[in-house]
>>> print(open('work-v9.cif').read())   # mmCIF, C-alpha atoms
data_start
#
loop_
_atom_site.label_atom_id
_atom_site.label_comp_id
_atom_site.auth_asym_id
_atom_site.auth_seq_id
_atom_site.Cartn_x
_atom_site.Cartn_y
_atom_site.Cartn_z
CA MET A 192 106.20 196.44 115.82
CA GLU A 193 108.02 197.91 112.83
CA GLY A 194 106.74 201.43 112.19
CA VAL A 195 104.70 201.55 115.42
CA ASP A 196 105.31 204.64 117.56
CA GLY A 197 102.94 203.80 120.40
CA PHE A 198 99.86 201.90 121.50
CA ALA A 199 96.32 202.80 122.55
CA VAL A 200 94.35 200.41 124.77
CA SER A 201 91.17 200.52 126.82
CA THR A 202 92.15 198.49 129.86
CA LEU A 203 94.95 198.43 132.39
CA PRO A 204 95.55 194.67 131.94
CA ASP A 205 96.25 195.28 128.24
CA ALA A 206 98.77 197.97 129.12
CA ILE A 207 100.38 195.69 131.72
CA SER A 208 100.70 192.92 129.13
CA ILE A 209 102.51 195.27 126.76
CA ARG A 210 104.92 196.39 129.47
CA ASN A 211 105.49 192.80 130.63
CA ALA A 212 106.53 191.99 127.06
CA GLY A 213 109.39 194.46 127.49
CA ILE A 214 107.87 197.13 125.22
CA GLU A 215 108.69 200.65 126.37
CA LEU A 216 106.85 202.63 123.68
CA PRO A 217 104.21 205.16 124.78
CA ILE A 218 100.81 203.72 125.72
CA LEU A 219 97.63 205.80 125.63
CA LEU A 220 94.72 204.67 127.78
CA TYR A 221 91.30 205.22 126.24
CA PRO A 222 88.46 206.18 128.61
CA GLY A 223 87.75 203.26 130.91
CA VAL A 224 90.43 203.52 133.60
CA LEU A 225 89.78 205.70 136.65
CA PRO A 226 92.17 207.84 138.74
CA ALA A 227 92.06 205.22 141.51
CA SER A 228 94.65 203.41 139.37
CA GLY A 229 96.92 206.46 139.35
CA LYS A 230 99.87 204.85 141.12
CA THR A 231 99.89 201.91 138.69
CA ILE A 232 99.60 204.27 135.73
CA GLU A 233 102.59 206.27 136.96
CA LYS A 234 104.62 203.11 137.53
CA LEU A 235 103.86 201.87 134.00
CA ASP A 236 104.56 205.27 132.46
CA LEU A 237 101.14 205.53 130.77
CA THR A 238 99.21 208.42 129.23
CA VAL A 239 95.55 208.96 130.15
CA THR A 240 92.61 210.38 128.23
CA VAL A 241 90.88 213.50 129.52
CA SER A 242 87.47 214.62 128.23
CA SER A 243 86.45 217.31 130.73
CA ARG A 244 87.71 219.74 133.35
CA ASP A 245 86.33 217.49 136.08
CA GLU A 246 88.37 214.56 134.73
CA LEU A 247 91.46 216.76 134.54
CA ALA A 248 91.09 217.74 138.20
CA SER A 249 90.54 214.13 139.27
CA TRP A 250 93.65 212.88 137.47
CA ARG A 251 95.78 215.69 138.90
CA ARG A 252 94.76 214.71 142.43
CA ALA A 253 95.70 211.08 141.73
CA MET A 254 99.18 211.56 140.25
CA ARG A 255 102.24 213.70 140.81
CA ARG A 256 102.60 214.44 137.11
CA THR A 257 99.89 213.63 134.60
CA ARG A 258 100.50 212.92 130.94
CA ILE A 259 97.31 213.32 128.94
CA PHE A 260 95.70 213.19 125.54
CA ILE A 261 92.61 215.35 125.35
CA LYS A 262 89.69 213.73 123.57
CA ALA A 263 87.24 215.65 121.39
CA ASP A 264 83.71 214.55 120.55
CA VAL A 265 83.04 215.70 116.99
CA GLY A 266 79.81 213.76 116.46
CA PHE A 267 80.15 210.34 118.10
CA PHE A 268 78.12 211.35 121.18
CA ARG A 269 80.37 209.30 123.42
CA SER A 270 83.37 210.41 125.52
CA GLY A 271 85.21 213.58 124.59
CA ALA A 272 84.81 217.31 125.07
CA THR A 273 82.41 219.00 122.67
CA PRO A 274 83.73 221.60 120.21
CA GLY A 275 82.12 224.23 122.42
CA GLU A 276 83.96 223.05 125.55
CA ILE A 277 87.33 221.93 124.31
CA SER A 278 89.02 225.34 124.03
CA ASN A 279 88.58 225.93 127.75
CA LEU A 280 89.78 222.41 128.55
CA LEU A 281 92.91 222.90 126.45
CA ALA A 282 93.58 226.23 128.13
CA ASP A 283 93.15 224.78 131.63
CA ALA A 284 95.35 221.77 130.91
CA ASN A 285 98.13 223.84 129.38
CA ALA A 286 98.09 226.17 132.39
CA CYS A 287 98.84 223.30 134.80
CA LEU A 288 102.56 222.85 135.48
CA ASP A 289 102.00 219.24 136.57
CA VAL A 290 100.21 218.28 133.34
CA ASP A 291 101.92 217.28 130.11
CA VAL A 292 99.44 217.67 127.24
CA GLN A 293 100.87 215.28 124.68
CA GLY A 294 98.05 215.10 122.17
CA ILE A 295 94.46 215.52 121.12
CA TYR A 296 92.32 212.92 119.37
CA ALA A 297 88.80 211.99 118.32
CA HIS A 298 86.95 208.96 117.04
CA LEU A 299 84.67 209.33 114.03
CA SER A 300 81.07 208.23 114.43
CA GLU A 301 80.24 204.62 113.64
CA PHE A 302 76.46 204.97 113.73
CA PRO A 303 74.72 202.93 110.99
CA SER A 304 73.56 206.15 109.32
CA THR A 305 77.09 207.48 108.94
CA THR A 306 77.87 208.60 105.39
CA PRO A 307 81.13 209.81 103.84
CA SER A 308 79.80 213.37 104.04
CA ASN A 309 79.09 212.87 107.75
CA SER A 310 82.71 211.83 108.30
CA THR A 311 83.84 214.87 106.33
CA GLU A 312 81.78 217.13 108.60
CA GLN A 313 83.27 215.54 111.71
CA PHE A 314 86.78 215.90 110.34
CA ALA A 315 86.05 219.56 109.58
CA ARG A 316 84.97 220.08 113.21
CA PHE A 317 88.20 218.52 114.42
CA MET A 318 90.29 220.68 112.10
CA ASP A 319 88.44 223.77 113.34
CA ILE A 320 89.37 222.79 116.91
CA LEU A 321 93.01 222.51 115.87
CA VAL A 322 93.00 225.87 114.07
CA LYS A 323 91.57 227.61 117.14
CA ALA A 324 94.02 225.83 119.44
CA GLU A 325 96.93 226.85 117.21
CA ALA A 326 95.80 230.47 117.37
CA ALA A 327 95.49 230.28 121.16
CA GLY A 328 98.86 228.59 121.56
CA THR A 329 97.29 225.45 123.08
CA ARG A 330 97.53 222.97 120.20
CA PRO A 331 99.08 219.73 121.48
CA PRO A 332 102.05 218.25 119.59
CA ILE A 333 100.05 215.27 118.33
CA ALA A 334 96.63 215.43 116.63
CA MET A 335 95.00 212.13 115.71
CA ILE A 336 91.63 211.16 114.23
CA SER A 337 92.21 208.54 111.55
CA SER A 338 91.10 204.97 112.29
CA THR A 339 91.27 201.94 109.99
CA ASP A 340 88.67 203.39 107.62
CA GLY A 341 90.46 206.73 107.52
CA VAL A 342 93.85 205.14 106.88
CA LEU A 343 92.45 203.23 103.91
CA ARG A 344 90.19 205.90 102.41
CA ASN A 345 91.16 209.35 103.65
CA PRO A 346 94.90 210.17 103.53
CA GLU A 347 94.09 213.79 104.41
CA MET A 348 93.13 212.57 107.89
CA ASP A 349 96.63 211.25 108.67
CA LEU A 350 97.64 214.45 110.52
CA ASP A 351 100.39 213.75 113.11
CA ALA A 352 99.41 210.15 113.89
CA VAL A 353 96.90 207.48 112.91
CA ASP A 354 95.07 205.08 115.19
CA PRO A 355 94.00 201.96 113.27
CA GLY A 356 92.48 199.04 115.13
CA ALA A 357 90.87 196.44 112.87
CA LEU A 358 93.67 196.98 110.35
CA PHE A 359 96.11 195.20 112.67
CA PHE A 360 93.84 192.16 112.64
CA GLY A 361 94.02 192.13 108.85
CA ILE A 362 90.51 193.54 108.44
CA ALA A 363 89.95 196.33 105.92
CA GLY A 364 86.49 197.43 107.03
CA THR A 365 85.87 199.29 103.76
CA GLU A 366 84.98 198.11 100.28
CA GLU A 367 86.52 201.02 98.38
CA PRO A 368 89.99 201.79 99.80
CA THR A 369 92.09 204.48 98.15
CA ARG A 370 95.20 202.93 99.68
CA GLN A 371 95.88 199.37 98.63
CA LEU A 372 97.40 197.27 101.40
CA ILE A 373 98.16 193.56 101.55
CA LEU A 374 96.25 192.36 104.59
CA LYS A 375 96.59 188.99 106.32
CA SER A 376 94.12 187.87 108.93
CA ALA A 377 95.61 187.68 112.41
CA LEU A 378 93.15 184.92 113.32
CA LYS A 379 94.02 181.81 111.33
CA ALA A 380 92.25 179.03 113.21
CA ILE A 381 90.17 178.18 116.27
CA SER A 382 90.19 174.59 117.41
CA THR A 383 89.31 172.44 120.38
CA SER A 384 88.92 168.70 121.03
CA LEU A 385 86.21 166.14 121.54
CA VAL A 386 86.07 165.57 125.29
CA SER A 387 83.27 163.00 125.07
CA VAL A 388 81.76 160.70 122.42
CA LYS A 389 78.76 158.41 122.99
CA ARG A 390 75.84 156.82 121.22
CA VAL A 391 72.45 157.64 122.70
CA ASP A 392 70.46 154.57 123.81
CA ASN A 393 67.00 153.99 125.24
CA SER A 394 68.24 153.96 128.84
CA LEU A 395 68.36 157.76 128.74
CA GLY A 396 64.60 158.00 128.31
CA SER A 397 62.83 160.44 126.03
CA MET A 398 64.90 162.67 123.76
CA PRO A 399 64.92 166.41 124.51
CA ASP A 400 62.40 168.43 122.54
CA VAL A 401 65.23 170.38 120.93
CA PRO A 402 66.08 170.66 117.21
CA GLY A 403 68.71 168.14 116.08
CA PHE A 404 68.17 165.51 118.78
CA ARG A 405 66.91 162.06 117.68
CA PRO A 406 67.00 158.49 119.01
CA GLY A 407 70.10 156.43 118.29
CA MET A 408 72.28 159.40 117.40
CA THR A 409 75.92 159.79 118.36
CA ILE A 410 76.69 162.89 120.41
CA GLY A 411 80.07 164.46 120.94
CA VAL A 412 81.02 167.18 123.40
CA LEU A 413 83.43 170.00 122.55
CA GLY A 414 85.75 171.43 125.17
CA MET A 415 84.52 174.99 124.49
CA GLY A 416 81.37 176.86 125.50
CA TRP A 417 79.96 180.33 125.90
CA GLY A 418 82.39 180.94 128.75
CA ASP A 419 85.16 180.82 126.13
CA GLY A 420 83.40 183.21 123.75
CA LEU A 421 81.02 181.03 121.76
CA PRO A 422 77.48 182.38 121.33
CA ARG A 423 74.86 181.08 123.76
CA GLN A 424 72.42 180.39 120.93
CA VAL A 425 73.35 177.98 118.13
CA PRO A 426 71.95 178.90 114.70
CA ALA A 427 70.60 176.08 112.55
CA GLN A 428 73.51 176.16 110.09
CA ALA A 429 76.30 176.15 112.71
CA ALA A 430 78.85 173.37 112.19
CA VAL A 431 82.43 172.37 112.99
CA LEU A 432 84.95 170.19 111.17
CA ILE A 433 85.88 166.77 112.53
CA ASN A 434 88.02 164.33 110.55
CA GLY A 435 87.54 166.50 107.48
CA ARG A 436 83.74 166.46 107.61
CA ARG A 437 81.12 168.92 108.79
CA ALA A 438 79.34 168.11 112.02
CA PRO A 439 76.28 170.15 113.10
CA LEU A 440 76.32 171.79 116.51
CA LEU A 441 73.43 171.03 118.85
CA PRO A 442 71.74 173.60 121.10
CA PRO A 443 72.08 174.86 123.71
CA VAL A 444 75.67 175.98 124.30
CA HIS A 445 76.86 175.65 127.90
CA LEU A 446 79.48 177.51 129.93
CA GLU A 447 82.32 175.06 129.20
CA HIS A 448 80.87 172.63 126.65
CA THR A 449 78.98 172.39 123.37
CA ARG A 450 77.28 169.33 121.86
CA VAL A 451 77.89 168.18 118.29
CA ASP A 452 76.07 165.61 116.15
CA LEU A 453 78.59 162.88 115.23
CA THR A 454 76.10 160.43 113.72
CA ASP A 455 77.47 160.87 110.19
CA ILE A 456 81.10 160.69 111.38
CA PRO A 457 81.33 157.15 112.80
CA ASP A 458 85.13 157.28 113.06
CA ALA A 459 85.07 160.26 115.46
CA ARG A 460 86.86 159.45 118.71
CA PHE A 461 87.57 160.98 122.11
CA GLY A 462 90.40 163.51 121.75
CA ASP A 463 89.89 164.19 118.04
CA ARG A 464 90.66 167.72 116.91
CA VAL A 465 87.65 169.94 116.20
CA ILE A 466 87.95 172.94 113.87
CA LEU A 467 85.69 175.93 114.51
CA LEU A 468 87.69 178.17 112.18
CA GLY A 469 90.14 177.02 109.54
CA GLN A 470 90.73 174.13 107.19
CA GLN A 471 90.70 170.37 107.65
CA ALA A 472 91.20 168.07 104.65
CA ASP A 473 89.25 169.68 101.79
CA GLN A 474 86.73 171.43 104.06
CA GLU A 475 87.02 174.97 105.41
CA ILE A 476 85.14 177.27 107.76
CA THR A 477 86.00 180.87 106.90
CA LEU A 478 86.06 183.93 109.12
CA GLN A 479 82.88 185.24 107.52
CA GLU A 480 81.06 181.92 107.93
CA LEU A 481 82.06 181.73 111.58
CA ALA A 482 81.01 185.35 112.14
CA ASP A 483 77.61 184.53 110.65
CA GLN A 484 77.34 181.49 112.94
CA TRP A 485 78.16 183.64 115.95
CA SER A 486 75.72 186.39 114.87
CA THR A 487 78.46 188.99 114.72
CA ASP A 488 80.91 190.44 112.20
CA VAL A 489 84.54 189.52 111.64
CA VAL A 490 85.77 192.21 114.05
CA GLY A 491 83.39 190.85 116.67
CA LEU A 492 85.06 187.44 116.57
CA TYR A 493 88.24 188.93 118.00
CA GLY A 494 86.36 190.65 120.79
CA GLN A 495 84.29 187.62 121.78
CA LEU A 496 87.17 185.18 122.31
CA ARG A 497 88.02 185.21 126.02
CA ASP A 498 91.51 186.05 127.23
CA HIS A 499 91.95 182.64 128.87
CA VAL A 500 91.66 180.80 125.54
CA PRO A 501 95.26 179.76 124.72
CA ARG A 502 96.88 181.48 121.73
CA ILE A 503 99.61 180.12 119.47
CA TYR A 504 101.53 182.86 117.66
CA VAL A 505 103.13 181.97 114.34
#
>>> encode(input="work-v9.cif", output="structure tokens")
Amino acid sequence: MEGVDGFAVSTLPDAISIRNAGIELPILLYPGVLPASGKTIEKLDLTVTVSSRDELASWRRAMRRTRIFIKADVGFFRSGATPGEISNLLADANACLDVDVQGIYAHLSEFPSTTPSNSTEQFARFMDILVKAEAAGTRPPIAMISSTDGVLRNPEMDLDAVDPGALFFGIAGTEEPTRQLILKSALKAISTSLVSVKRVDNSLGSMPDVPGFRPGMTIGVLGMGWGDGLPRQVPAQAAVLINGRRAPLLPPVHLEHTRVDLTDIPDARFGDRVILLGQQADQEITLQELADQWSTDVVGLYGQLRDHVPRIYV
């Protein structure tokens, strides 16, 4: 936590986890939590996001004193007050004695068509909001717009605070950073075990008409499935490491289990460790390879793993 002044999360359980860890730093809640949770938010000493006058009124009814960050939409077309609305929202919030306006923030657009010039235009809109708020005496103490990409490429967007996300997972997210940082992936390995190993015999009848299945093969079962975050569809190249060798996965993936072809690994046994991400002997499955297998990107891997999957922190 060195150098961290606060946290921003989207869910109440995440905020509760931070508080349960004994961390007393400020926590900003992104849009996603409703005023019905007002009592819990007060108890945990959290700050909420407000994007409209209606939201402001709802939060005031739910809590005795409301700490807020106002969110601006400068081109993301998601939550946040538009540049045309935000001056009135700032004025209303600052006029409320029971409201503590701690900051203002925005997220830059992540649409596929986004270009550097598009980001520059959005930043200019945000700066215009700040200039007008300063003139009106309603500028909050903290202004924040820079995400991971901004931190790495646009130092001018630092303002009063930065809000990187993927950066804390060791992911740069940009190919041409102007700031050079030494990044280490937060996700080092994903592993499970073989919970079943058997050779298929004729007593099972006809083989399923599914790619990869054949008579006389040896099938293993992994103790992970789509309920743990694996994709429901297995691409043809998907494999895991068992005893230092690659073993192809077999479709389909189930809620708690996934099949694997062990025919070429005759020494595989019940309880053997299975590597989905990481190194075993001289073989390795990288983050990018796993992301390709799961039909996502590296950031998506972190989001897909379910909370109940045990973590080991090193």
>>> closest_residue(input="work-v9.cif", among="A:Ala212, A:Met318, A:Ala352, A:Phe268", to="Gly197 in chain A", atoms="only C-alpha atoms")
A:Ala352
>>> residues_around(input="work-v9.cif", residues="Pro331 in chain A", least_positions_apart="2", cutoff="6 Å", atoms="all atoms listed in the file", output="PyMOL selection string")
chain A and resi 293-294+333
>>> residues_around(input="work-v9.cif", residues="range 199-208 of chain A", least_positions_apart="5", cutoff="8 Å", atoms="only C-alpha atoms", output="MDAnalysis selection string")
chainID A and resid 218:224 235 354
>>> resolve_selection(input="work-v9.cif", expression="the PyMOL selection byres ((chain A and resi 217) around 8)", output="list in words")
Asp196, Gly197, Phe198, Glu215, Leu216, Ile218, Leu219, Asp236, Leu237 and Thr238 of chain A
>>> residues_around(input="work-v9.cif", residues="Leu446 in chain A", least_positions_apart="3", cutoff="10 Å", atoms="all atoms listed in the file", output="list in words")
Gly414, Met415, Gly416, Trp417, Gly418, Asp419, Gly420, Leu421, Arg423 and Thr449 of chain A
>>> residues_around(input="work-v9.cif", residues="range 380-391 of chain A", least_positions_apart="2", cutoff="6 Å", atoms="only C-alpha atoms", output="MDAnalysis selection string")
chainID A and resid 378 407:414 461:469
>>> closest_residue(input="work-v9.cif", among="A:Arg244, A:Gln428, A:Lys375, A:Leu299", to="Leu481 in chain A", atoms="only C-alpha atoms")
A:Gln428
>>> resolve_selection(input="work-v9.cif", expression="the PyMOL selection byres ((chain A and resi 356-370) around 9)", output="list in words")
Ser338, Thr339, Asp340, Val342, Leu343, Arg344, Asn345, Pro346, Asp354, Pro355, Gln371, Leu372, Ile373, Leu374, Lys375, Ser376, Ala377, Leu378, Val489, Val490 and Tyr493 of chain A
>>> closest_residue(input="work-v9.cif", among="A:Ser337, A:Asn279, A:Thr477, A:Asn309", to="Ala297 in chain A", atoms="all atoms listed in the file")
A:Ser337
>>> atom_distance(input="work-v9.cif", atom1="CA of Pro406 in chain A", atom2="CA of Asp392 in chain A")
7.1 Å
>>> closest_residue(input="work-v9.cif", among="A:Gln495, A:Ser394, A:Ser278, A:Gln471", to="Ile295 in chain A", atoms="all atoms listed in the file")
A:Ser278
>>> atom_distance(input="work-v9.cif", atom1="CA of Val322 in chain A", atom2="CA of Val241 in chain A")
19.9 Å
>>> resolve_selection(input="work-v9.cif", expression="the PyMOL selection byres ((chain A and resi 248-261) around 10)", output="CSV table (one decimal) with C-alpha atoms, keeping the file's coordinate frame")
chain,number,residue,atom,x,y,z
A,219,LEU,CA,97.6,205.8,125.6
A,220,LEU,CA,94.7,204.7,127.8
A,221,TYR,CA,91.3,205.2,126.2
A,225,LEU,CA,89.8,205.7,136.6
A,226,PRO,CA,92.2,207.8,138.7
A,227,ALA,CA,92.1,205.2,141.5
A,228,SER,CA,94.6,203.4,139.4
A,229,GLY,CA,96.9,206.5,139.4
A,230,LYS,CA,99.9,204.8,141.1
A,231,THR,CA,99.9,201.9,138.7
A,232,ILE,CA,99.6,204.3,135.7
A,233,GLU,CA,102.6,206.3,137.0
A,236,ASP,CA,104.6,205.3,132.5
A,237,LEU,CA,101.1,205.5,130.8
A,238,THR,CA,99.2,208.4,129.2
A,239,VAL,CA,95.6,209.0,130.2
A,240,THR,CA,92.6,210.4,128.2
A,241,VAL,CA,90.9,213.5,129.5
A,242,SER,CA,87.5,214.6,128.2
A,243,SER,CA,86.4,217.3,130.7
A,244,ARG,CA,87.7,219.7,133.4
A,245,ASP,CA,86.3,217.5,136.1
A,246,GLU,CA,88.4,214.6,134.7
A,247,LEU,CA,91.5,216.8,134.5
A,262,LYS,CA,89.7,213.7,123.6
A,263,ALA,CA,87.2,215.6,121.4
A,271,GLY,CA,85.2,213.6,124.6
A,272,ALA,CA,84.8,217.3,125.1
A,277,ILE,CA,87.3,221.9,124.3
A,280,LEU,CA,89.8,222.4,128.6
A,281,LEU,CA,92.9,222.9,126.4
A,283,ASP,CA,93.2,224.8,131.6
A,284,ALA,CA,95.4,221.8,130.9
A,287,CYS,CA,98.8,223.3,134.8
A,288,LEU,CA,102.6,222.8,135.5
A,289,ASP,CA,102.0,219.2,136.6
A,290,VAL,CA,100.2,218.3,133.3
A,291,ASP,CA,101.9,217.3,130.1
A,292,VAL,CA,99.4,217.7,127.2
A,293,GLN,CA,100.9,215.3,124.7
A,294,GLY,CA,98.0,215.1,122.2
A,295,ILE,CA,94.5,215.5,121.1
A,296,TYR,CA,92.3,212.9,119.4
A,297,ALA,CA,88.8,212.0,118.3
A,331,PRO,CA,99.1,219.7,121.5
A,333,ILE,CA,100.0,215.3,118.3
A,334,ALA,CA,96.6,215.4,116.6
A,335,MET,CA,95.0,212.1,115.7
>>> build_atoms(input="work-v9.cif", residues="range 263-278 of chain A", atoms="N, CA and C atoms", output="CSV table (one decimal), in the frame of the given file")
chain,number,residue,atom,x,y,z
A,263,ALA,N,88.3,214.8,121.9
A,263,ALA,CA,87.2,215.6,121.4
A,263,ALA,C,86.1,214.8,120.9
A,264,ASP,N,84.9,215.2,121.1
A,264,ASP,CA,83.7,214.6,120.6
A,264,ASP,C,83.2,215.4,119.4
A,265,VAL,N,83.4,214.9,118.2
A,265,VAL,CA,83.0,215.7,117.0
A,265,VAL,C,81.8,215.1,116.3
A,266,GLY,N,81.0,214.3,117.0
A,266,GLY,CA,79.8,213.8,116.5
A,266,GLY,C,79.5,212.3,116.8
A,267,PHE,N,80.3,211.7,117.7
A,267,PHE,CA,80.2,210.3,118.1
A,267,PHE,C,79.2,210.2,119.3
A,268,PHE,N,79.0,211.3,120.0
A,268,PHE,CA,78.1,211.4,121.2
A,268,PHE,C,78.5,210.3,122.2
A,269,ARG,N,79.8,210.2,122.4
A,269,ARG,CA,80.4,209.3,123.4
A,269,ARG,C,81.3,210.1,124.3
A,270,SER,N,82.4,209.6,124.7
A,270,SER,CA,83.4,210.4,125.5
A,270,SER,C,84.0,211.5,124.7
A,271,GLY,N,84.6,212.5,125.3
A,271,GLY,CA,85.2,213.6,124.6
A,271,GLY,C,84.5,214.9,124.9
A,272,ALA,N,85.3,216.0,124.9
A,272,ALA,CA,84.8,217.3,125.1
A,272,ALA,C,84.2,217.8,123.8
A,273,THR,N,83.1,218.5,123.9
A,273,THR,CA,82.4,219.0,122.7
A,273,THR,C,83.2,220.1,122.1
A,274,PRO,N,83.0,220.5,120.8
A,274,PRO,CA,83.7,221.6,120.2
A,274,PRO,C,83.5,222.9,121.0
A,275,GLY,N,82.4,223.0,121.6
A,275,GLY,CA,82.1,224.2,122.4
A,275,GLY,C,82.8,224.3,123.8
A,276,GLU,N,83.3,223.1,124.2
A,276,GLU,CA,84.0,223.0,125.6
A,276,GLU,C,85.5,222.9,125.5
A,277,ILE,N,85.9,222.4,124.3
A,277,ILE,CA,87.3,221.9,124.3
A,277,ILE,C,88.4,223.0,124.4
A,278,SER,N,88.0,224.2,123.9
A,278,SER,CA,89.0,225.3,124.0
A,278,SER,C,89.4,225.6,125.5
